[in-house]
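**Student:** My questions will all concern the structure given below.
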2 protein chains.
Amino acid sequence: MYTDLWLGKKKENSGAVVTSDERIPTSGITENAISELSSAPVLEGYKVHLLIREGEVDAEGYCITSDRKYIELKAGSERGLIYGAFRLINLKRLDPENEINLKEEPKNRLRMLNHWDNMDGSIERGYSGNSFFFEKNELVINERTRDYARLLCSLGYNGVVINNVNVKDEACRLIDRKHLGKVGELSALFASYGIRLYLSLNFAAPIEDALTGSADPLDERVIGWWERKFDEVYKAVPDLGGFLVKADSEGRPGPFTYGRNQAEGANMLARAIKPHGGIIIWRCFVYNCTQDWRDLKTDRARSAYDYFHDLNGQFDDNVILQIKNGPMDFQVREPVSPLFGRMPDTNQMIEFQIAQEYTGQQRHVCYLIPWFKEVLEFDTHVKGEGSRVKDVVSGKLFNYSLSGMCAVTNTGNDLNWTGHDLAAANLYGFGRLSFDPGLSAEDIALEWIKLTFGNNEKVVSNILKILMMSWRAYEKYTSPLGIGWMVVPSVHYGPDPDGYEYSRWGTYHKATCREIGVERNSEGTGFSALYAEPLASLYEKPETTPEELLLFFHRMPYDHVLSSGKTIIQHIYDTHFEGAEEVGEMAALWDELKGLIDPEAFLRVSKRFAHQKEHSKEWRDVINSYFYRKTLIEDEKGRELY
Amino acid sequence: MYTDLWLGKKKENSGAVVTSDERIPTSGITENAISELSSAPVLEGYKVHLLIREGEVDAEGYCITSDRKYIELKAGSERGLIYGAFRLINLKRLDPENEINLKEEPKNRLRMLNHWDNMDGSIERGYSGNSFFFEKNELVINERTRDYARLLCSLGYNGVVINNVNVKDEACRLIDRKHLGKVGELSALFASYGIRLYLSLNFAAPIEDALTGSADPLDERVIGWWERKFDEVYKAVPDLGGFLVKADSEGRPGPFTYGRNQAEGANMLARAIKPHGGIIIWRCFVYNCTQDWRDLKTDRARSAYDYFHDLNGQFDDNVILQIKNGPMDFQVREPVSPLFGRMPDTNQMIEFQIAQEYTGQQRHVCYLIPWFKEVLEFDTHVKGEGSRVKDVVSGKLFNYSLSGMCAVTNTGNDLNWTGHDLAAANLYGFGRLSFDPGLSAEDIALEWIKLTFGNNEKVVSNILKILMMSWRAYEKYTSPLGIGWMVVPSVHYGPDPDGYEYSRWGTYHKATCREIGVERNSEGTGFSALYAEPLASLYEKPETTPEELLLFFHRMPYDHVLSSGKTIIQHIYDTHFEGAEEVGEMAALWDELKGLIDPEAFLRVSKRFAHQKEHSKEWRDVINSYFYRKTLIEDEKGRELY
């Protein structure tokens, strides 16, 4: 039942007869759009007329109108044309009888994936095989690369950063002549599907040049070095979107080394790249990663805010700050970063992670779109009620010159792209969501299921149930009430309640036999005060803090009674038993699909469910035993604890 | 002040004039002995007469008599001659005025080192560089190899296993024609210093042979395969001592796979190797390493005893069981393995570890000889009072046909052989101890210090203090009262109190807010009953269990009062503060030696002390905080806990 949309080759001459307005340029993008339409079986017998009307529609938007024989696809540019072509095919595949009359324009200017691929072929936090961009320190361009460009275009993405933000080893030479030819070739391929290529950049690169020997952003030699470097890069890769930079973070070099601030670092690059039309995406993931665990005052949660907030307005307009959704690091549950909307005069975009680093590493099913929706719909109140994160990062709230959403991708060279077949829903979902954050997680899931597994009612219904319950189930059997970080260090897989407790990463829960959590209100680290009112006041007190984040914001005794009437400790026991049970339910729902879907896909997912069932029990028992041993408070329901 | 004994080249013609009894064979051993004597500066002006008198002296023993000009060195064989030559040189170096009149014979027939070197050059649990035996999957023989043979001979060792007990990758082919030539060459080199070479063996090797396809020890094809293989090996390596086998352990293949017991596995190999005079050293480190941490009944401490005890008398006489000193795995403190002396009709030897896997990894100073002495002097009572471990493993107690001591070595290709300069005391000490377990840890240390750093009184006195306090200091700031295993999993370095708590290794403390430990008496796992009386009865009750092992044998509440009048929790706090303070004292003692010893050695050790001071505080604070958070019992002395 696997569709040919993502994996297969194009069928020849089995789709629409395509005509086009004579003003349409016959560049690669249009050719690719025509090729998709004319080979889509679902469009057989249709005549499709393409036309471009700049100004009538957004450059990446489209209008589709159809009757039983004739379809008109009107776009704002060639890029809109190819997004529209894929959308048209998907709509017809979802319902061949559907008469279409719609106008869709992307809400976010940047809709990106970040690859953490290394040039040796490994992927940092990759759970679906090795890189398909790099092998043995060389770039790879083959049929799969084209498939990937098609895939991303069909989901609405318009940008991809191909190398790891931790730029090391051979990747330091990715912007040298040695590799630029191939980068240019790759960039042109992606551009022919409307997608811009970006690279991650090593801020310290000019140090290695003997005549420069510095990376000080205010040093003329350094500025000159980057200007020459960008000239060289853009000569070879004229389509390049720009660069992503992780500076002054987790051992990466940055402007702090030279006593410069983050804006001075980013603007130096931005000015050098500006003549070429490129942008600088500057990550805000800056924190002290050599913290003393004995230190009770420093709060990692504050760091992005503390380092960046006061620089509002100091960044150039071709710089955009890339801010992780939460203040920590992609935990299964975190508050929304307090930095969103707090820099009205500086471009901001949001960074999510669909690579399931902390959420089951694509061995557990965890459909993340409901979680992302909660974040995007979150009301920051920065401009009064209704100042939602989605409107901050789309640029709507402050009229940013750049704005958008990106995700650390979950793709690799596994045949099914994402390791776990159901993890593809996150890749699909994030693309759709970045195009239109207003879509519901459920509607996105429905689309993905039907396009992937077909329209069988049981198939659709069961997989929808699985997807929609998966994230909360994962949250239940892992770390409770927003505490996070109870994972095995480094690998971030499997339970280790004290794993990050005595280490340098600033991620502590400080559980004793009586209480747990770091107090982050005004009597604690002051983190809660970083939010706009009324949030700051709500987070100040346990009673008004959302319970799913209670232990993130407050240090609480285990016998504190929640709104459910349960104590915290009983809540921990109950949710952990429930979560593991829910995995059993999900696995049973999947089992019912035997014979109804592609047998190989069925088997692959079944095997992963078998592991998830065992592993969720391991999580349940370790976390519950940890708290039981700490407190010796018995489970009210008398279940076995160890 | 470094001496030429270990590291340097031999000086030409600067030592004794050597004459020898005409009956002495002029083989390589004798030549090497003569070369050492005639180039030892300390023997300049002496005439040394060598003679061999079989029967008068043990084959590896010697008598030395000296006056002011003339020295007689009489040995039981050529091997005795070279051990005697080195001993003579050392005695003269320790005190040039010393008139010597002694007879020394080794108490242990086997005095071995086990290398855990892999053929790719890495060393499992190696903390002093890479292997000097292997590089890039080839054997290495160079000047350093000869230095190592000299070194081991000068310390009294007579056997060395060159490859890791976990035989994998290229090491599986070490007994193939490809490598046997080099093995033979290496073996001959070591033999010329009286040392026999041994290899570790992969029990499953015959499976890979298409015509055999099995490793069942009772299968005629398998037996034939090994007979042919040993024929081939001994043709190329006639001096080979035999093989060390890790079977049915931590994923290694073994006889259990075929429903055979350990004796059937070992004897099959022993019979095949017997015609060549080789021996099979069979490790007793067999346990369930996929235990469920929820399982309260299985006790890893019992496993060697349970698997081997009932096989007493069933092993051939060219098999020897190699038993780790304790029932677990080289912790800083464990009880003595209950298996020692419990198999009167089966050869037993003891395995120690001077590679400091769990004792500071040669970044912390930890002179282990006092600990080994405690083990060797331990009275097993198996044949009534006075049945000491040293007399079990020397074969004295039961007249074993094979007996001895071995240690997992701490050597690598670091210039100083052992990474930490002071770790060389363990290499020296273990050699001396295996030659004569009756020596005191202090006397051995004194010898080593003087031979290494010279006779300066302050140097000798300070280093002696450092060495003699180092092991107990390490014990104090790491895991308390015999509990063990509070280390970071896998790497085994640094504190992680719950690191092994929820894993598959059978090493649990099950600490709650009230008590800690696994009960191992008759009401618990029954481990204490495996010892002979009166030990079994003593270990049965907390009151009669040695306090340093209290938490190994018993589950105890933190408020239990020890003989010191302190509660367990206060004892934990106190020892951890003391241990870290003692590191400061050791470092201060070392600092006083500035200018009195070789400046490079001084600096190397100083750097390691700087790390040890910080790291011992980390240990102190993590362990104390762990227990403080568990109990919220304050330190009586009001020191800061976190």
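Simple scheme: letters A, B, ... for chains in structure tokens order, numbers from 1 for residues in each chain, numbers from 1 for ligands in the order shown.
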Write out as a list in words every residue belonging to chain A that has an atom at most 7 Å from any atom of chain B, counting only C-alpha atoms.
**Tutor:**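 Matching residues, ligands excluded from the count: Arg294, Tyr502, Ala511, Thr512, Cys513, Val622, Arg629, Lys630, Thr631, Leu632 and Tyr642 of chain A.
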**Student:** Output N, CA and C atoms of each residue in that selection to a file, as a tab-separated table (two decimals), in the first residue's frame.
**Tutor:**
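Generated file (again.tsv):
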chain	number	residue	atom	x	y	z
A	294	ARG	N	26.68	21.72	42.08
A	294	ARG	CA	26.44	22.20	43.45
A	294	ARG	C	25.87	23.63	43.45
A	502	TYR	N	24.40	14.96	38.68
A	502	TYR	CA	25.68	15.42	39.23
A	502	TYR	C	26.64	15.79	38.11
A	511	ALA	N	16.10	15.78	43.53
A	511	ALA	CA	15.11	15.05	44.32
A	511	ALA	C	15.71	14.59	45.64
A	512	THR	N	14.99	14.83	46.72
A	512	THR	CA	15.34	14.24	48.01
A	512	THR	C	14.23	13.26	48.39
A	513	CYS	N	14.26	12.78	49.62
A	513	CYS	CA	13.19	11.87	50.06
A	513	CYS	C	11.90	12.63	50.34
A	622	VAL	N	11.61	1.62	36.39
A	622	VAL	CA	12.77	2.34	36.92
A	622	VAL	C	12.32	3.65	37.58
A	629	ARG	N	11.81	4.08	46.17
A	629	ARG	CA	12.97	3.92	47.05
A	629	ARG	C	13.30	5.23	47.77
A	630	LYS	N	13.08	6.32	47.07
A	630	LYS	CA	13.37	7.63	47.68
A	630	LYS	C	12.43	7.92	48.84
A	631	THR	N	11.18	7.47	48.70
A	631	THR	CA	10.15	7.89	49.66
A	631	THR	C	9.60	6.75	50.51
A	632	LEU	N	9.66	5.55	50.01
A	632	LEU	CA	8.99	4.39	50.62
A	632	LEU	C	7.49	4.63	50.81
A	642	TYR	N	9.68	-1.79	43.02
A	642	TYR	CA	10.88	-2.58	43.32
A	642	TYR	C	11.93	-1.78	44.11
**Student:** Mind checking which residues fall within 9 Å of Gln361 in chain A, counting only C-alpha atoms, ignoring those fewer than 6 positions away in the same chain, and posting them as a VMD selection string?
**Tutor:** chain A and resid 125 to 128 355 420 492 to 493
**Student:** Quick one: residues within 12 Å of Phe378 in chain A, only C-alpha atoms counted, chain neighbours fewer than 5 positions away excluded, as a list of chain:residue names?
**Tutor:**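 Everything that qualifies: A:Asn325, A:Gly326, A:Pro335, A:Val336, A:Ser337, A:Pro338, A:Phe340, A:Gly341, A:Trp371, A:Phe372, A:Lys373, A:Glu385, A:Gly386, A:Ser387, A:Arg388, A:Val389, A:Lys390, A:Asp391, A:Val392, A:Val393, A:Pro437, A:Leu535.
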**Student:** Put those residues in a file: N, CA, C and O atoms, as a PDB file, in the first residue's frame.
**Tutor:**
ATOM      1  N   ASN A 325      12.150  25.564  20.905  1.00  0.00           N
ATOM      2  CA  ASN A 325      10.795  25.735  21.410  1.00  0.00           C
ATOM      3  C   ASN A 325      10.737  25.928  22.913  1.00  0.00           C
ATOM      4  O   ASN A 325       9.942  26.692  23.428  1.00  0.00           O
ATOM      5  N   GLY A 326      11.621  25.236  23.627  1.00  0.00           N
ATOM      6  CA  GLY A 326      11.629  25.366  25.084  1.00  0.00           C
ATOM      7  C   GLY A 326      12.954  25.909  25.563  1.00  0.00           C
ATOM      8  O   GLY A 326      13.907  26.001  24.795  1.00  0.00           O
ATOM      9  N   PRO A 335       8.213  24.239  29.248  1.00  0.00           N
ATOM     10  CA  PRO A 335       7.470  25.459  28.945  1.00  0.00           C
ATOM     11  C   PRO A 335       7.967  26.032  27.610  1.00  0.00           C
ATOM     12  O   PRO A 335       9.014  25.651  27.117  1.00  0.00           O
ATOM     13  N   VAL A 336       7.196  26.934  27.060  1.00  0.00           N
ATOM     14  CA  VAL A 336       7.625  27.626  25.848  1.00  0.00           C
ATOM     15  C   VAL A 336       8.750  28.597  26.220  1.00  0.00           C
ATOM     16  O   VAL A 336       8.712  29.209  27.293  1.00  0.00           O
ATOM     17  N   SER A 337       9.725  28.710  25.357  1.00  0.00           N
ATOM     18  CA  SER A 337      10.834  29.626  25.650  1.00  0.00           C
ATOM     19  C   SER A 337      10.311  31.031  25.903  1.00  0.00           C
ATOM     20  O   SER A 337       9.520  31.563  25.114  1.00  0.00           O
ATOM     21  N   PRO A 338      10.767  31.659  26.984  1.00  0.00           N
ATOM     22  CA  PRO A 338      10.276  33.026  27.294  1.00  0.00           C
ATOM     23  C   PRO A 338      10.819  34.080  26.333  1.00  0.00           C
ATOM     24  O   PRO A 338      10.415  35.241  26.400  1.00  0.00           O
ATOM     25  N   PHE A 340      10.430  34.110  23.059  1.00  0.00           N
ATOM     26  CA  PHE A 340       9.535  34.374  21.917  1.00  0.00           C
ATOM     27  C   PHE A 340       8.707  35.632  22.152  1.00  0.00           C
ATOM     28  O   PHE A 340       8.042  35.767  23.172  1.00  0.00           O
ATOM     29  N   GLY A 341       8.826  36.529  21.211  1.00  0.00           N
ATOM     30  CA  GLY A 341       8.023  37.748  21.282  1.00  0.00           C
ATOM     31  C   GLY A 341       8.611  38.816  22.179  1.00  0.00           C
ATOM     32  O   GLY A 341       8.062  39.905  22.301  1.00  0.00           O
ATOM     33  N   TRP A 371       2.165  18.181  20.230  1.00  0.00           N
ATOM     34  CA  TRP A 371       3.049  18.936  21.123  1.00  0.00           C
ATOM     35  C   TRP A 371       3.455  20.252  20.461  1.00  0.00           C
ATOM     36  O   TRP A 371       3.350  21.319  21.049  1.00  0.00           O
ATOM     37  N   PHE A 372       3.849  20.180  19.202  1.00  0.00           N
ATOM     38  CA  PHE A 372       4.235  21.406  18.489  1.00  0.00           C
ATOM     39  C   PHE A 372       3.049  22.367  18.393  1.00  0.00           C
ATOM     40  O   PHE A 372       3.208  23.588  18.489  1.00  0.00           O
ATOM     41  N   LYS A 373       1.874  21.811  18.181  1.00  0.00           N
ATOM     42  CA  LYS A 373       0.675  22.659  18.128  1.00  0.00           C
ATOM     43  C   LYS A 373       0.481  23.406  19.441  1.00  0.00           C
ATOM     44  O   LYS A 373       0.174  24.604  19.441  1.00  0.00           O
ATOM     45  N   GLU A 385      -3.409  39.786  24.996  1.00  0.00           N
ATOM     46  CA  GLU A 385      -3.971  38.469  24.745  1.00  0.00           C
ATOM     47  C   GLU A 385      -3.977  38.153  23.251  1.00  0.00           C
ATOM     48  O   GLU A 385      -4.208  39.045  22.429  1.00  0.00           O
ATOM     49  N   GLY A 386      -3.690  36.901  22.935  1.00  0.00           N
ATOM     50  CA  GLY A 386      -3.710  36.495  21.536  1.00  0.00           C
ATOM     51  C   GLY A 386      -2.363  36.624  20.846  1.00  0.00           C
ATOM     52  O   GLY A 386      -2.269  36.489  19.628  1.00  0.00           O
ATOM     53  N   SER A 387      -1.307  36.877  21.595  1.00  0.00           N
ATOM     54  CA  SER A 387       0.035  36.992  20.999  1.00  0.00           C
ATOM     55  C   SER A 387       0.661  35.596  20.922  1.00  0.00           C
ATOM     56  O   SER A 387       1.556  35.262  21.687  1.00  0.00           O
ATOM     57  N   ARG A 388       0.126  34.816  20.001  1.00  0.00           N
ATOM     58  CA  ARG A 388       0.518  33.408  19.963  1.00  0.00           C
ATOM     59  C   ARG A 388       1.903  33.233  19.359  1.00  0.00           C
ATOM     60  O   ARG A 388       2.323  34.019  18.498  1.00  0.00           O
ATOM     61  N   VAL A 389       2.579  32.164  19.783  1.00  0.00           N
ATOM     62  CA  VAL A 389       3.922  31.868  19.271  1.00  0.00           C
ATOM     63  C   VAL A 389       3.894  31.773  17.753  1.00  0.00           C
ATOM     64  O   VAL A 389       4.786  32.267  17.067  1.00  0.00           O
ATOM     65  N   LYS A 390       2.868  31.150  17.219  1.00  0.00           N
ATOM     66  CA  LYS A 390       2.814  31.003  15.762  1.00  0.00           C
ATOM     67  C   LYS A 390       2.810  32.355  15.056  1.00  0.00           C
ATOM     68  O   LYS A 390       3.343  32.489  13.946  1.00  0.00           O
ATOM     69  N   ASP A 391       2.233  33.345  15.697  1.00  0.00           N
ATOM     70  CA  ASP A 391       2.199  34.667  15.072  1.00  0.00           C
ATOM     71  C   ASP A 391       3.472  35.471  15.332  1.00  0.00           C
ATOM     72  O   ASP A 391       3.790  36.404  14.588  1.00  0.00           O
ATOM     73  N   VAL A 392       4.198  35.105  16.382  1.00  0.00           N
ATOM     74  CA  VAL A 392       5.535  35.676  16.565  1.00  0.00           C
ATOM     75  C   VAL A 392       6.435  35.179  15.449  1.00  0.00           C
ATOM     76  O   VAL A 392       7.037  35.961  14.711  1.00  0.00           O
ATOM     77  N   VAL A 393       6.506  33.846  15.314  1.00  0.00           N
ATOM     78  CA  VAL A 393       7.513  33.286  14.413  1.00  0.00           C
ATOM     79  C   VAL A 393       7.111  33.408  12.940  1.00  0.00           C
ATOM     80  O   VAL A 393       7.966  33.302  12.056  1.00  0.00           O
ATOM     81  N   PRO A 437       0.417  26.801  10.204  1.00  0.00           N
ATOM     82  CA  PRO A 437       0.371  26.408  11.621  1.00  0.00           C
ATOM     83  C   PRO A 437      -1.054  26.309  12.162  1.00  0.00           C
ATOM     84  O   PRO A 437      -1.257  25.815  13.264  1.00  0.00           O
ATOM     85  N   LEU A 535       1.315  35.624  32.525  1.00  0.00           N
ATOM     86  CA  LEU A 535       2.014  34.359  32.677  1.00  0.00           C
ATOM     87  C   LEU A 535       2.965  34.377  33.868  1.00  0.00           C
ATOM     88  O   LEU A 535       3.011  33.427  34.651  1.00  0.00           O
TER      89      LEU A 535
END
**Student:** Have a look at CA of Glu104 in chain A and CA of Cys63 in chain A and let me know their distance in Å, one decimal.
**Tutor:**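 Rounded to one decimal, the two atoms are 6.5 Å apart.
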**Student:** Neighbours of range 595-599 of chain B within 12 Å (only C-alpha atoms; same-chain residues fewer than 6 positions away dropped), as number ranges by chain?
**Tutor:** B: 1-3, 421, 449-450, 452-460, 462-463, 605-606
